[in-house]
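Listing of input-v6.pdb; format and content: PDB, C-alpha atoms and all ligand atoms.
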ATOM      1  CA  MET A 129      -7.791  -2.799  32.286
ATOM      2  CA  SER A 130     -11.395  -2.373  31.220
ATOM      3  CA  VAL A 131     -10.729  -0.012  28.322
ATOM      4  CA  PRO A 132      -8.474  -1.237  25.510
ATOM      5  CA  GLU A 133      -4.968   0.120  25.888
ATOM      6  CA  LEU A 134      -3.669   1.275  22.527
ATOM      7  CA  LEU A 135       0.118   1.219  22.176
ATOM      8  CA  ASP A 136       1.446   3.512  19.439
ATOM      9  CA  LEU A 137       4.262   1.593  17.734
ATOM     10  CA  ARG A 138       5.491   4.787  16.029
ATOM     11  CA  HIS A 139       6.505   2.939  12.895
ATOM     12  CA  LEU A 140       9.772   4.476  11.656
ATOM     13  CA  GLY A 141       9.028   7.406  13.930
ATOM     14  CA  LEU A 142       5.573   8.075  12.497
ATOM     15  CA  GLU A 143       2.805   8.389  15.090
ATOM     16  CA  ARG A 144      -0.718   6.962  14.709
ATOM     17  CA  SER A 145       0.075   4.708  11.740
ATOM     18  CA  ILE A 146       0.526   1.279  13.363
ATOM     19  CA  GLY A 147      -0.666   0.329  16.816
ATOM     20  CA  CYS A 148      -1.441  -2.737  18.847
ATOM     21  CA  TYR A 149      -3.514  -3.362  21.967
ATOM     22  CA  LEU A 150      -2.642  -4.470  25.453
ATOM     23  CA  LEU A 151      -5.502  -6.302  27.138
ATOM     24  CA  GLU A 152      -6.197  -8.545  30.083
ATOM     25  CA  THR A 153      -7.398 -12.057  29.299
ATOM     26  CA  ALA A 154      -8.480 -15.101  31.287
ATOM     27  CA  ASP A 155      -4.816 -16.150  31.171
ATOM     28  CA  GLY A 156      -2.932 -12.934  31.781
ATOM     29  CA  PRO A 157      -1.840  -9.982  29.655
ATOM     30  CA  ALA A 158      -2.095 -10.295  25.884
ATOM     31  CA  LEU A 159      -1.309  -8.220  22.847
ATOM     32  CA  GLN A 160      -3.827  -7.972  20.058
ATOM     33  CA  ASP A 161      -1.525  -7.787  17.022
ATOM     34  CA  CYS A 162       2.092  -6.961  17.683
ATOM     35  CA  GLY A 163       3.396  -4.852  14.796
ATOM     36  CA  PRO A 164       6.514  -5.523  12.720
ATOM     37  CA  THR A 165       9.949  -6.403  14.105
ATOM     38  CA  THR A 166      11.170  -2.869  13.416
ATOM     39  CA  CYS A 167       8.699  -1.676  16.072
ATOM     40  CA  VAL A 168       9.750  -4.000  18.914
ATOM     41  CA  PRO A 169      11.675  -1.243  20.757
ATOM     42  CA  GLU A 170       8.553   0.960  20.677
ATOM     43  CA  LEU A 171       6.428  -2.005  21.731
ATOM     44  CA  LYS A 172       8.675  -2.481  24.754
ATOM     45  CA  ALA A 173       8.481   1.222  25.533
ATOM     46  CA  GLY A 174       4.682   1.121  25.322
ATOM     47  CA  LEU A 175       4.500  -1.859  27.668
ATOM     48  CA  ALA A 176       6.860  -0.131  30.097
ATOM     49  CA  GLU A 177       4.410   2.784  30.336
ATOM     50  CA  HIS A 178       1.963   0.227  31.758
ATOM     51  CA  GLY A 179       4.563  -1.249  34.106
ATOM     52  CA  LEU A 180       5.000  -4.359  31.972
ATOM     53  CA  GLU A 181       7.690  -6.095  29.955
ATOM     54  CA  LEU A 182       7.405  -8.606  27.131
ATOM     55  CA  THR A 183       8.153 -11.344  29.686
ATOM     56  CA  ASP A 184       4.783 -10.501  31.294
ATOM     57  CA  VAL A 185       2.849 -11.016  28.053
ATOM     58  CA  ARG A 186       1.244 -14.456  27.755
ATOM     59  CA  HIS A 187      -0.547 -14.357  24.405
ATOM     60  CA  LEU A 188      -0.500 -12.736  20.973
ATOM     61  CA  LEU A 189      -3.953 -12.522  19.377
ATOM     62  CA  LEU A 190      -3.288 -11.956  15.675
ATOM     63  CA  SER A 191      -5.996 -10.585  13.387
ATOM     64  CA  HIS A 192      -4.010 -11.586  10.302
ATOM     65  CA  ILE A 193      -0.424 -12.126   9.252
ATOM     66  CA  HIS A 194       0.302  -8.989   7.258
ATOM     67  CA  LEU A 195       3.674  -7.728   8.452
ATOM     68  CA  ASP A 196       2.393  -4.487   9.962
ATOM     69  CA  HIS A 197       0.170  -6.571  12.253
ATOM     70  CA  ALA A 198       2.193  -9.688  12.982
ATOM     71  CA  GLY A 199       5.699  -9.409  11.535
ATOM     72  CA  ALA A 200       7.331  -9.390  14.993
ATOM     73  CA  ALA A 201       5.596 -12.545  16.266
ATOM     74  CA  GLY A 202       8.537 -14.864  15.570
ATOM     75  CA  ALA A 203      11.154 -12.535  17.049
ATOM     76  CA  ILE A 204       9.017 -11.976  20.158
ATOM     77  CA  VAL A 205       8.418 -15.691  20.740
ATOM     78  CA  ARG A 206      12.089 -16.524  20.159
ATOM     79  CA  ALA A 207      12.997 -14.150  22.993
ATOM     80  CA  HIS A 208      10.000 -15.173  25.159
ATOM     81  CA  PRO A 209       9.177 -18.813  24.379
ATOM     82  CA  ARG A 210       6.281 -18.976  26.849
ATOM     83  CA  ILE A 211       4.170 -16.636  24.727
ATOM     84  CA  GLN A 212       1.351 -18.405  22.868
ATOM     85  CA  VAL A 213       0.253 -17.176  19.432
ATOM     86  CA  HIS A 214      -3.353 -17.331  18.216
ATOM     87  CA  VAL A 215      -4.040 -17.046  14.487
ATOM     88  CA  SER A 216      -6.449 -18.328  11.815
ATOM     89  CA  ALA A 217      -5.962 -21.776  10.282
ATOM     90  CA  ILE A 218      -4.978 -20.239   6.943
ATOM     91  CA  GLY A 219      -2.445 -17.906   8.533
ATOM     92  CA  ALA A 220      -0.842 -20.457  10.866
ATOM     93  CA  PRO A 221       1.425 -22.288   8.365
ATOM     94  CA  HIS A 222       2.891 -18.949   7.306
ATOM     95  CA  LEU A 223       3.899 -18.124  10.873
ATOM     96  CA  VAL A 224       5.609 -21.500  11.270
ATOM     97  CA  ASP A 225       7.390 -21.167   7.929
ATOM     98  CA  PRO A 226       7.353 -17.538   6.796
ATOM     99  CA  SER A 227       9.687 -18.091   3.813
ATOM    100  CA  ARG A 228       6.995 -17.778   1.149
ATOM    101  CA  LEU A 229       5.393 -14.849   2.906
ATOM    102  CA  GLU A 230       8.751 -13.111   3.082
ATOM    103  CA  ALA A 231       9.605 -13.820  -0.563
ATOM    104  CA  SER A 232       6.348 -12.319  -1.813
ATOM    105  CA  ALA A 233       6.574  -9.326   0.526
ATOM    106  CA  ARG A 234      10.115  -8.703  -0.698
ATOM    107  CA  ARG A 235       8.831  -8.714  -4.274
ATOM    108  CA  LEU A 236       6.225  -6.145  -3.289
ATOM    109  CA  TYR A 237       8.477  -3.865  -1.240
ATOM    110  CA  GLY A 238      11.853  -4.408  -2.929
ATOM    111  CA  SER A 239      14.787  -2.804  -1.189
ATOM    112  CA  ALA A 240      12.498  -1.043   1.314
ATOM    113  CA  PHE A 241      11.533  -4.344   2.970
ATOM    114  CA  ASP A 242      14.254  -4.455   5.626
ATOM    115  CA  GLU A 243      13.866  -0.862   6.710
ATOM    116  CA  LEU A 244      10.073  -1.130   6.874
ATOM    117  CA  TRP A 245       9.633  -4.540   8.477
ATOM    118  CA  GLY A 246      12.916  -6.058   9.652
ATOM    119  CA  GLU A 247      13.325  -9.753  10.374
ATOM    120  CA  LEU A 248      10.493 -12.197   9.761
ATOM    121  CA  ALA A 249      11.346 -15.057  12.132
ATOM    122  CA  PRO A 250       9.430 -18.353  12.307
ATOM    123  CA  VAL A 251       7.130 -19.097  15.237
ATOM    124  CA  PRO A 252       7.669 -22.621  16.664
ATOM    125  CA  GLU A 253       4.696 -24.810  15.801
ATOM    126  CA  GLU A 254       4.112 -25.689  19.459
ATOM    127  CA  ASN A 255       3.429 -22.012  20.221
ATOM    128  CA  VAL A 256       0.819 -21.628  17.472
ATOM    129  CA  HIS A 257      -2.878 -22.098  18.230
ATOM    130  CA  ILE A 258      -5.593 -22.094  15.575
ATOM    131  CA  VAL A 259      -8.315 -19.563  16.293
ATOM    132  CA  GLU A 260     -11.773 -21.031  16.136
ATOM    133  CA  ARG A 261     -14.640 -19.677  18.243
ATOM    134  CA  GLU A 262     -12.764 -18.703  21.362
ATOM    135  CA  ALA A 263      -9.241 -17.761  22.446
ATOM    136  CA  VAL A 264      -8.265 -17.167  26.097
ATOM    137  CA  GLY A 265     -11.781 -16.003  26.928
ATOM    138  CA  LEU A 266     -12.328 -13.814  23.849
ATOM    139  CA  GLU A 267     -14.947 -14.704  21.276
ATOM    140  CA  CYS A 268     -13.493 -15.082  17.783
ATOM    141  CA  PHE A 269     -14.994 -15.074  14.323
ATOM    142  CA  PRO A 270     -13.733 -15.096  10.738
ATOM    143  CA  SER A 271     -13.811 -11.696   9.060
ATOM    144  CA  PRO A 272     -12.686 -12.101   5.441
ATOM    145  CA  GLY A 273     -12.605  -9.209   3.010
ATOM    146  CA  HIS A 274      -9.436  -7.251   3.661
ATOM    147  CA  ALA A 275      -7.667 -10.621   3.786
ATOM    148  CA  SER A 276      -9.077 -14.117   3.411
ATOM    149  CA  HIS A 277      -7.531 -15.267   6.678
ATOM    150  CA  HIS A 278      -8.605 -12.328   8.845
ATOM    151  CA  VAL A 279     -10.227 -12.943  12.258
ATOM    152  CA  CYS A 280     -11.682 -10.570  14.881
ATOM    153  CA  PHE A 281     -11.727 -10.906  18.663
ATOM    154  CA  VAL A 282     -14.487  -9.742  21.013
ATOM    155  CA  HIS A 283     -13.721  -9.085  24.676
ATOM    156  CA  GLU A 284     -16.439  -9.473  27.276
ATOM    157  CA  ASP A 285     -16.089  -5.735  27.992
ATOM    158  CA  GLY A 286     -17.722  -5.113  24.592
ATOM    159  CA  THR A 287     -14.547  -4.210  22.700
ATOM    160  CA  LEU A 288     -14.310  -5.672  19.230
ATOM    161  CA  TYR A 289     -10.666  -5.936  18.183
ATOM    162  CA  ALA A 290     -11.129  -5.386  14.481
ATOM    163  CA  GLY A 291      -7.610  -5.588  13.005
ATOM    164  CA  ASP A 292      -8.246  -4.156   9.539
ATOM    165  CA  ALA A 293     -11.778  -5.564   9.125
ATOM    166  CA  ALA A 294     -13.385  -2.268  10.177
ATOM    167  CA  GLY A 295     -11.077  -0.284   7.893
ATOM    168  CA  VAL A 296      -8.552   2.424   8.666
ATOM    169  CA  ARG A 297      -9.439   5.562  10.635
ATOM    170  CA  ILE A 298      -6.705   7.716  12.097
ATOM    171  CA  ALA A 299      -7.934   9.097  15.438
ATOM    172  CA  PRO A 300      -9.269  11.664  16.013
ATOM    173  CA  SER A 301     -10.401  11.836  12.368
ATOM    174  CA  ARG A 302     -13.893  10.584  11.487
ATOM    175  CA  LEU A 303     -12.909   9.473   7.979
ATOM    176  CA  VAL A 304     -13.158   5.689   7.470
ATOM    177  CA  LEU A 305     -11.152   4.111   4.657
ATOM    178  CA  PRO A 306     -11.066   0.541   3.273
ATOM    179  CA  PRO A 307      -7.547  -0.870   2.782
ATOM    180  CA  THR A 308      -7.858  -3.162  -0.248
ATOM    181  CA  PRO A 309      -4.406  -4.577  -1.032
ATOM    182  CA  PRO A 310      -3.656  -7.495  -3.323
ATOM    183  CA  PRO A 311      -3.908 -10.396  -3.573
ATOM    184  CA  ASP A 312      -6.975 -11.653  -1.818
ATOM    185  CA  ILE A 313      -9.203  -8.722  -0.994
ATOM    186  CA  ASP A 314     -12.754  -9.839  -1.539
ATOM    187  CA  VAL A 315     -15.239  -6.977  -1.633
ATOM    188  CA  ALA A 316     -18.294  -9.247  -1.469
ATOM    189  CA  ALA A 317     -16.912 -11.059   1.575
ATOM    190  CA  TRP A 318     -16.060  -7.728   3.184
ATOM    191  CA  TYR A 319     -19.658  -6.522   2.896
ATOM    192  CA  ALA A 320     -20.758  -9.689   4.695
ATOM    193  CA  THR A 321     -18.108  -9.063   7.372
ATOM    194  CA  ILE A 322     -19.330  -5.477   7.877
ATOM    195  CA  ASP A 323     -22.854  -6.870   8.335
ATOM    196  CA  GLU A 324     -21.495  -9.292  10.906
ATOM    197  CA  LEU A 325     -19.646  -6.521  12.780
ATOM    198  CA  GLU A 326     -22.948  -4.618  12.988
ATOM    199  CA  ARG A 327     -24.885  -7.697  14.043
ATOM    200  CA  ARG A 328     -22.553  -8.239  16.980
ATOM    201  CA  ALA A 329     -23.315  -4.714  18.244
ATOM    202  CA  PRO A 330     -20.000  -4.100  20.020
ATOM    203  CA  LYS A 331     -19.589  -1.187  22.409
ATOM    204  CA  ARG A 332     -16.453  -0.049  20.640
ATOM    205  CA  LEU A 333     -14.207  -0.898  17.705
ATOM    206  CA  ALA A 334     -10.452  -1.119  18.322
ATOM    207  CA  LEU A 335      -8.577  -0.469  15.052
ATOM    208  CA  VAL A 336      -4.862  -1.144  14.595
ATOM    209  CA  HIS A 337      -4.722   1.856  12.222
ATOM    210  CA  PHE A 338      -5.561   3.712  14.491
ATOM    211  CA  GLY A 339      -7.743   4.138  17.553
ATOM    212  CA  VAL A 340     -10.832   3.133  19.510
ATOM    213  CA  PHE A 341     -14.229   4.329  18.278
ATOM    214  CA  ASP A 342     -17.759   4.024  19.605
ATOM    215  CA  ASP A 343     -19.839   5.555  16.773
ATOM    216  CA  ILE A 344     -20.242   2.050  15.403
ATOM    217  CA  GLY A 345     -23.199   2.537  13.048
ATOM    218  CA  ARG A 346     -21.841   5.629  11.352
ATOM    219  CA  HIS A 347     -18.343   4.181  11.137
ATOM    220  CA  LEU A 348     -19.394   0.915   9.519
ATOM    221  CA  GLY A 349     -21.870   2.670   7.232
ATOM    222  CA  GLU A 350     -19.112   4.925   5.945
ATOM    223  CA  LEU A 351     -16.789   1.950   5.465
ATOM    224  CA  ARG A 352     -19.439   0.163   3.404
ATOM    225  CA  ASP A 353     -20.183   3.244   1.287
ATOM    226  CA  ARG A 354     -16.548   4.070   0.613
ATOM    227  CA  LEU A 355     -15.700   0.479  -0.285
ATOM    228  CA  GLY A 356     -18.485   0.631  -2.876
ATOM    229  CA  GLU A 357     -17.286   4.014  -4.189
ATOM    230  CA  TRP A 358     -13.709   2.844  -4.604
ATOM    231  CA  GLU A 359     -14.733  -0.403  -6.258
ATOM    232  CA  GLN A 360     -16.880   1.578  -8.706
ATOM    233  CA  ILE A 361     -14.032   3.962  -9.572
ATOM    234  CA  VAL A 362     -11.853   0.999 -10.517
ATOM    235  CA  GLU A 363     -14.671  -0.821 -12.284
ATOM    236  CA  ASP A 364     -15.269   2.301 -14.372
ATOM    237  CA  GLY A 365     -11.733   1.927 -15.699
ATOM    238  CA  ALA A 366      -9.720   4.474 -13.725
ATOM    239  CA  THR A 367      -5.940   4.279 -14.000
ATOM    240  CA  GLN A 368      -3.909   4.134 -10.808
ATOM    241  CA  ASP A 369      -3.174   7.866 -11.029
ATOM    242  CA  GLU A 370      -6.852   8.678 -11.574
ATOM    243  CA  PHE A 371      -7.843   6.455  -8.668
ATOM    244  CA  VAL A 372      -5.337   8.056  -6.288
ATOM    245  CA  GLU A 373      -6.379  11.545  -7.393
ATOM    246  CA  ARG A 374     -10.072  10.853  -6.835
ATOM    247  CA  VAL A 375      -9.477   9.150  -3.514
ATOM    248  CA  HIS A 376      -7.283  11.986  -2.280
ATOM    249  CA  ALA A 377      -9.946  14.494  -3.329
ATOM    250  CA  GLY A 378     -12.235  12.763  -0.834
ATOM    251  CA  LEU A 379      -9.741  13.056   2.004
ATOM    252  CA  GLY A 380     -10.014  16.814   2.286
ATOM    253  CA  GLU A 381     -10.675  16.874   6.012
ATOM    254  CA  LEU A 382      -7.368  15.172   6.853
ATOM    255  CA  ASP A 383      -4.367  17.292   7.761
ATOM    256  CA  ASP A 384      -0.850  16.476   6.549
ATOM    257  CA  ASP A 385      -0.003  14.326   9.577
ATOM    258  CA  ASP A 386      -3.199  12.306   9.176
ATOM    259  CA  LEU A 387      -2.509  11.834   5.476
ATOM    260  CA  GLU A 388       0.996  10.585   6.152
ATOM    261  CA  ALA A 389      -0.338   8.074   8.672
ATOM    262  CA  VAL A 390      -2.991   6.909   6.193
ATOM    263  CA  GLU A 391      -0.463   6.445   3.395
ATOM    264  CA  ARG A 392       1.824   4.470   5.716
ATOM    265  CA  ALA A 393      -1.011   2.297   6.955
ATOM    266  CA  MET A 394      -2.560   1.742   3.528
ATOM    267  CA  PRO A 395      -0.611   2.950   0.483
ATOM    268  CA  MET A 396      -3.167   3.952  -2.129
ATOM    269  CA  TRP A 397      -1.298   2.239  -4.970
ATOM    270  CA  GLN A 398      -1.834  -1.025  -3.107
ATOM    271  CA  SER A 399      -5.538  -0.365  -2.658
ATOM    272  CA  TYR A 400      -5.781   0.302  -6.392
ATOM    273  CA  ALA A 401      -3.863  -2.865  -7.277
ATOM    274  CA  GLY A 402      -6.041  -4.978  -4.997
ATOM    275  CA  LEU A 403      -9.306  -3.564  -6.326
ATOM    276  CA  LYS A 404      -8.152  -3.889  -9.928
ATOM    277  CA  ARG A 405      -7.320  -7.522  -9.403
ATOM    278  CA  TRP A 406     -10.646  -8.118  -7.648
ATOM    279  CA  VAL A 407     -12.678  -6.391 -10.388
ATOM    280  CA  GLU A 408     -10.886  -8.054 -13.321
ATOM    281  CA  LYS A 409     -10.107 -11.525 -12.093
ATOM    282  CA  VAL A 410     -12.754 -12.361  -9.526
ATOM    283  CA  LYS A 411     -15.822 -10.179 -10.017
ATOM    284  CA  ASN A 412     -15.766  -9.970 -13.823
ATOM    285  CA  PRO A 413     -13.545 -12.783 -15.090
ATOM    286  CA  GLY A 414     -13.213 -12.794 -18.861
ATOM    287  CA  ARG A 415     -14.334  -9.205 -19.343
ATOM    288  CA  ASP A 416     -12.272  -7.210 -21.878
ATOM    289  CA  GLY A 417     -10.518 -10.451 -22.754
ATOM    290  CA  ALA A 418      -8.206  -9.733 -19.851
ATOM    291  CA  SER A 419      -8.804 -13.096 -18.387
ATOM    292  CA  SER A 420     -10.255 -16.171 -20.039
ATOM    293  CA  PRO A 421     -12.748 -18.333 -18.136
ATOM    294  CA  GLU A 422     -10.060 -20.988 -18.034
ATOM    295  CA  ARG A 423      -7.616 -18.559 -16.510
ATOM    296  CA  ALA A 424     -10.223 -17.271 -14.074
ATOM    297  CA  GLY A 425     -10.757 -20.858 -13.006
ATOM    298  CA  ARG A 426      -7.078 -21.220 -12.348
ATOM    299  CA  VAL A 427      -7.061 -17.997 -10.367
ATOM    300  CA  ARG A 428      -9.922 -19.207  -8.233
ATOM    301  CA  GLY A 429      -8.187 -22.544  -7.804
ATOM    302  CA  LYS A 430      -5.008 -20.801  -6.756
ATOM    303  CA  ASP A 431      -6.967 -18.791  -4.256
ATOM    304  CA  ALA A 432      -8.079 -21.856  -2.353
ATOM    305  CA  GLY A 433      -6.687 -22.344   1.119
ATOM    306  CA  SER A 434      -3.275 -21.231   2.198
ATOM    307  CA  ALA A 435      -2.091 -20.618  -1.365
ATOM    308  CA  ARG A 436      -4.009 -17.362  -1.173
ATOM    309  CA  ILE A 437      -1.194 -15.761   0.730
ATOM    310  CA  ARG A 438       1.348 -16.400  -2.000
ATOM    311  CA  GLU A 439       1.241 -12.904  -3.479
ATOM    312  CA  TYR A 440       0.929 -11.205  -0.186
ATOM    313  CA  GLY A 441       0.510  -7.454   0.254
ATOM    314  CA  ARG A 442       0.986  -5.582   3.443
ATOM    315  CA  ASP A 443      -2.410  -4.100   4.044
TER     316      ASP A 443
HETATM  317 ZN    ZN B 501      -3.636  -6.092   6.544
END

Output the file's structure as structure tokens, nothing else.
Ligand SMILES: [Zn+2]
Amino acid sequence: MSVPELLDLRHLGLERSIGCYLLETADGPALQDCGPTTCVPELKAGLAEHGLELTDVRHLLLSHIHLDHAGAAGAIVRAHPRIQVHVSAIGAPHLVDPSRLEASARRLYGSAFDELWGELAPVPEENVHIVEREAVGLECFPSPGHASHHVCFVHEDGTLYAGDAAGVRIAPSRLVLPPTPPPDIDVAAWYATIDELERRAPKRLALVHFGVFDDIGRHLGELRDRLGEWEQIVEDGATQDEFVERVHAGLGELDDDDLEAVERAMPMWQSYAGLKRWVEKVKNPGRDGASSPERAGRVRGKDAGSARIREYGRD
């Protein structure tokens, strides 16, 4: 396997919205991200197309713990206890005890939670490995922005497994979009991450939503520009409806199927909510009296460490 093998997890029957990657590592087959529990049957079907079963998989390399990327980790490890799970230090406690993660995701998704994501099972602590600079032969590095605890993996074949750090782009479309959900998107950190992705000069970017792309410079340039555009729309005071309308006006080249996949991968109301929080409470604390310096201080304090995942959003 020299080219990344993208498995379409066909989330709730929808193609090209959530994927994960099958790759060969120094210690056997691995999955880069694993999707939500509701997608495990499709995950098994995807592995079967490559002559594999979950029992053959040795490692899960998780970019971050949002449910569309990692929700199935606990259920998979429960059924296959030899599988080792690699995740950032901030994300790890929430795999071992996902109760807070689940409570906040249930607040966000309400009654749709179970149908969208299914069970969120704990991963035994002994199966969890903190990602630092290397994991089973892949180079790793922190890639905050979309989420504070996001990490990327680089295979020696030149593939950079980007999770959500290189945005969302539904193959074969060329349009690159920045998913900016609450609570801990950090636009400034994301710019630095985009710089780092460029600096590493990968041969290809492997995106979970959705596909493998080799026009690295154009792709990352568009991600940077669009992130700035969307931040500006919100900073200029757009309402959620105005934001969604303006964003959709810029998606003209997408057909209906692409649009559906985009909205499943990154609901625009979430991107608005994340940017609004970022603009009001982090970038411009105290502006418009919306948030006193004292309150902004508390927000920043709350954002430290693992507490950042408290008000978790999917993308
Ligand atoms: Zn995410």

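In this comparison, which uses all atoms listed in the file, the residue of A:Leu159, A:Ala275, A:Ile344, A:Ile361 approaching A:Val304 most closely is A:Ile344.
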
* Shortest interatomic distance to A:Glu243 - which of A:Leu151, A:Leu140, A:Ile146, A:Cys280, counting only C-alpha atoms -> A:Leu140

* To do: Pull out every residue that the PyMOL selection byres (((not hetatm)) within 12 of (chain B and resi 501)) matches in the shown coordinates and put them as a PyMOL selection string.
  => chain A and resi 146+161+163-164+190-199+271-279+290-296+306-313+335-337+392-395+398-399+402+437+440-443

Take the selection from the previous step and output its residues with C-alpha atoms, as a compact mmCIF listing (two decimals), in the coordinates of the input.
# COMPACT_ATOMS: atom_id res chain seq x y z
CA ILE A 146 0.53 1.28 13.36
CA ASP A 161 -1.52 -7.79 17.02
CA GLY A 163 3.40 -4.85 14.80
CA PRO A 164 6.51 -5.52 12.72
CA LEU A 190 -3.29 -11.96 15.68
CA SER A 191 -6.00 -10.58 13.39
CA HIS A 192 -4.01 -11.59 10.30
CA ILE A 193 -0.42 -12.13 9.25
CA HIS A 194 0.30 -8.99 7.26
CA LEU A 195 3.67 -7.73 8.45
CA ASP A 196 2.39 -4.49 9.96
CA HIS A 197 0.17 -6.57 12.25
CA ALA A 198 2.19 -9.69 12.98
CA GLY A 199 5.70 -9.41 11.54
CA SER A 271 -13.81 -11.70 9.06
CA PRO A 272 -12.69 -12.10 5.44
CA GLY A 273 -12.60 -9.21 3.01
CA HIS A 274 -9.44 -7.25 3.66
CA ALA A 275 -7.67 -10.62 3.79
CA SER A 276 -9.08 -14.12 3.41
CA HIS A 277 -7.53 -15.27 6.68
CA HIS A 278 -8.60 -12.33 8.85
CA VAL A 279 -10.23 -12.94 12.26
CA ALA A 290 -11.13 -5.39 14.48
CA GLY A 291 -7.61 -5.59 13.00
CA ASP A 292 -8.25 -4.16 9.54
CA ALA A 293 -11.78 -5.56 9.12
CA ALA A 294 -13.38 -2.27 10.18
CA GLY A 295 -11.08 -0.28 7.89
CA VAL A 296 -8.55 2.42 8.67
CA PRO A 306 -11.07 0.54 3.27
CA PRO A 307 -7.55 -0.87 2.78
CA THR A 308 -7.86 -3.16 -0.25
CA PRO A 309 -4.41 -4.58 -1.03
CA PRO A 310 -3.66 -7.50 -3.32
CA PRO A 311 -3.91 -10.40 -3.57
CA ASP A 312 -6.98 -11.65 -1.82
CA ILE A 313 -9.20 -8.72 -0.99
CA LEU A 335 -8.58 -0.47 15.05
CA VAL A 336 -4.86 -1.14 14.60
CA HIS A 337 -4.72 1.86 12.22
CA ARG A 392 1.82 4.47 5.72
CA ALA A 393 -1.01 2.30 6.96
CA MET A 394 -2.56 1.74 3.53
CA PRO A 395 -0.61 2.95 0.48
CA GLN A 398 -1.83 -1.02 -3.11
CA SER A 399 -5.54 -0.36 -2.66
CA GLY A 402 -6.04 -4.98 -5.00
CA ILE A 437 -1.19 -15.76 0.73
CA TYR A 440 0.93 -11.20 -0.19
CA GLY A 441 0.51 -7.45 0.25
CA ARG A 442 0.99 -5.58 3.44
CA ASP A 443 -2.41 -4.10 4.04

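The space between atom CA of A:Leu351 and atom CA of A:Leu305 spans 6.1 Å.
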
* May I have the residues within 9 Å of A:Met396 as a list in words, using all atoms listed in the file and disregarding those fewer than 5 positions away in the same chain? => Pro307, Thr308, Pro309, Gln368, Phe371, Val372, Val375, Val390, Glu391 and Ala401 of chain A

* Would you kindly translate the PyMOL selection byres (((chain A and resi 256) around 10) and not hetatm) into the concrete residues it picks from this file, as an MDAnalysis selection string? => chainID A and resid 188 211:217 220:221 223:224 251:255 257:259

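Residue neighbourhood of A:Leu175, excluding near-sequence residues (fewer than 2 positions): Glu133, Leu134, Leu135, Asp136, Leu137, Cys148, Tyr149, Leu150, Leu151, Pro157, Ala158, Leu159, Cys162, Val168, Pro169, Glu170, Leu171, Lys172, Ala173, Glu177, His178, Gly179, Leu180, Glu181, Leu182, Thr183, Asp184 and Val185 of chain A, at 12 Å, using all atoms listed in the file.
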
* **Ground truth for the PyMOL selection byres (((chain A and resi 155) around 9) and not hetatm), written as number ranges by chain** => A: 152-154, 156-158, 186-187, 264-265

For stretch 345-362 of chain A, take all atoms listed in the file, fit an axis-aligned box around them, add 6 Å to each of the six sides, then output centre and edge lengths in Å rounded to one decimal, as lines of an AutoDock Vina configuration file.
center_x = -17.5
center_y = 2.6
center_z = 1.3
size_x = 23.3
size_y = 18.0
size_z = 35.6
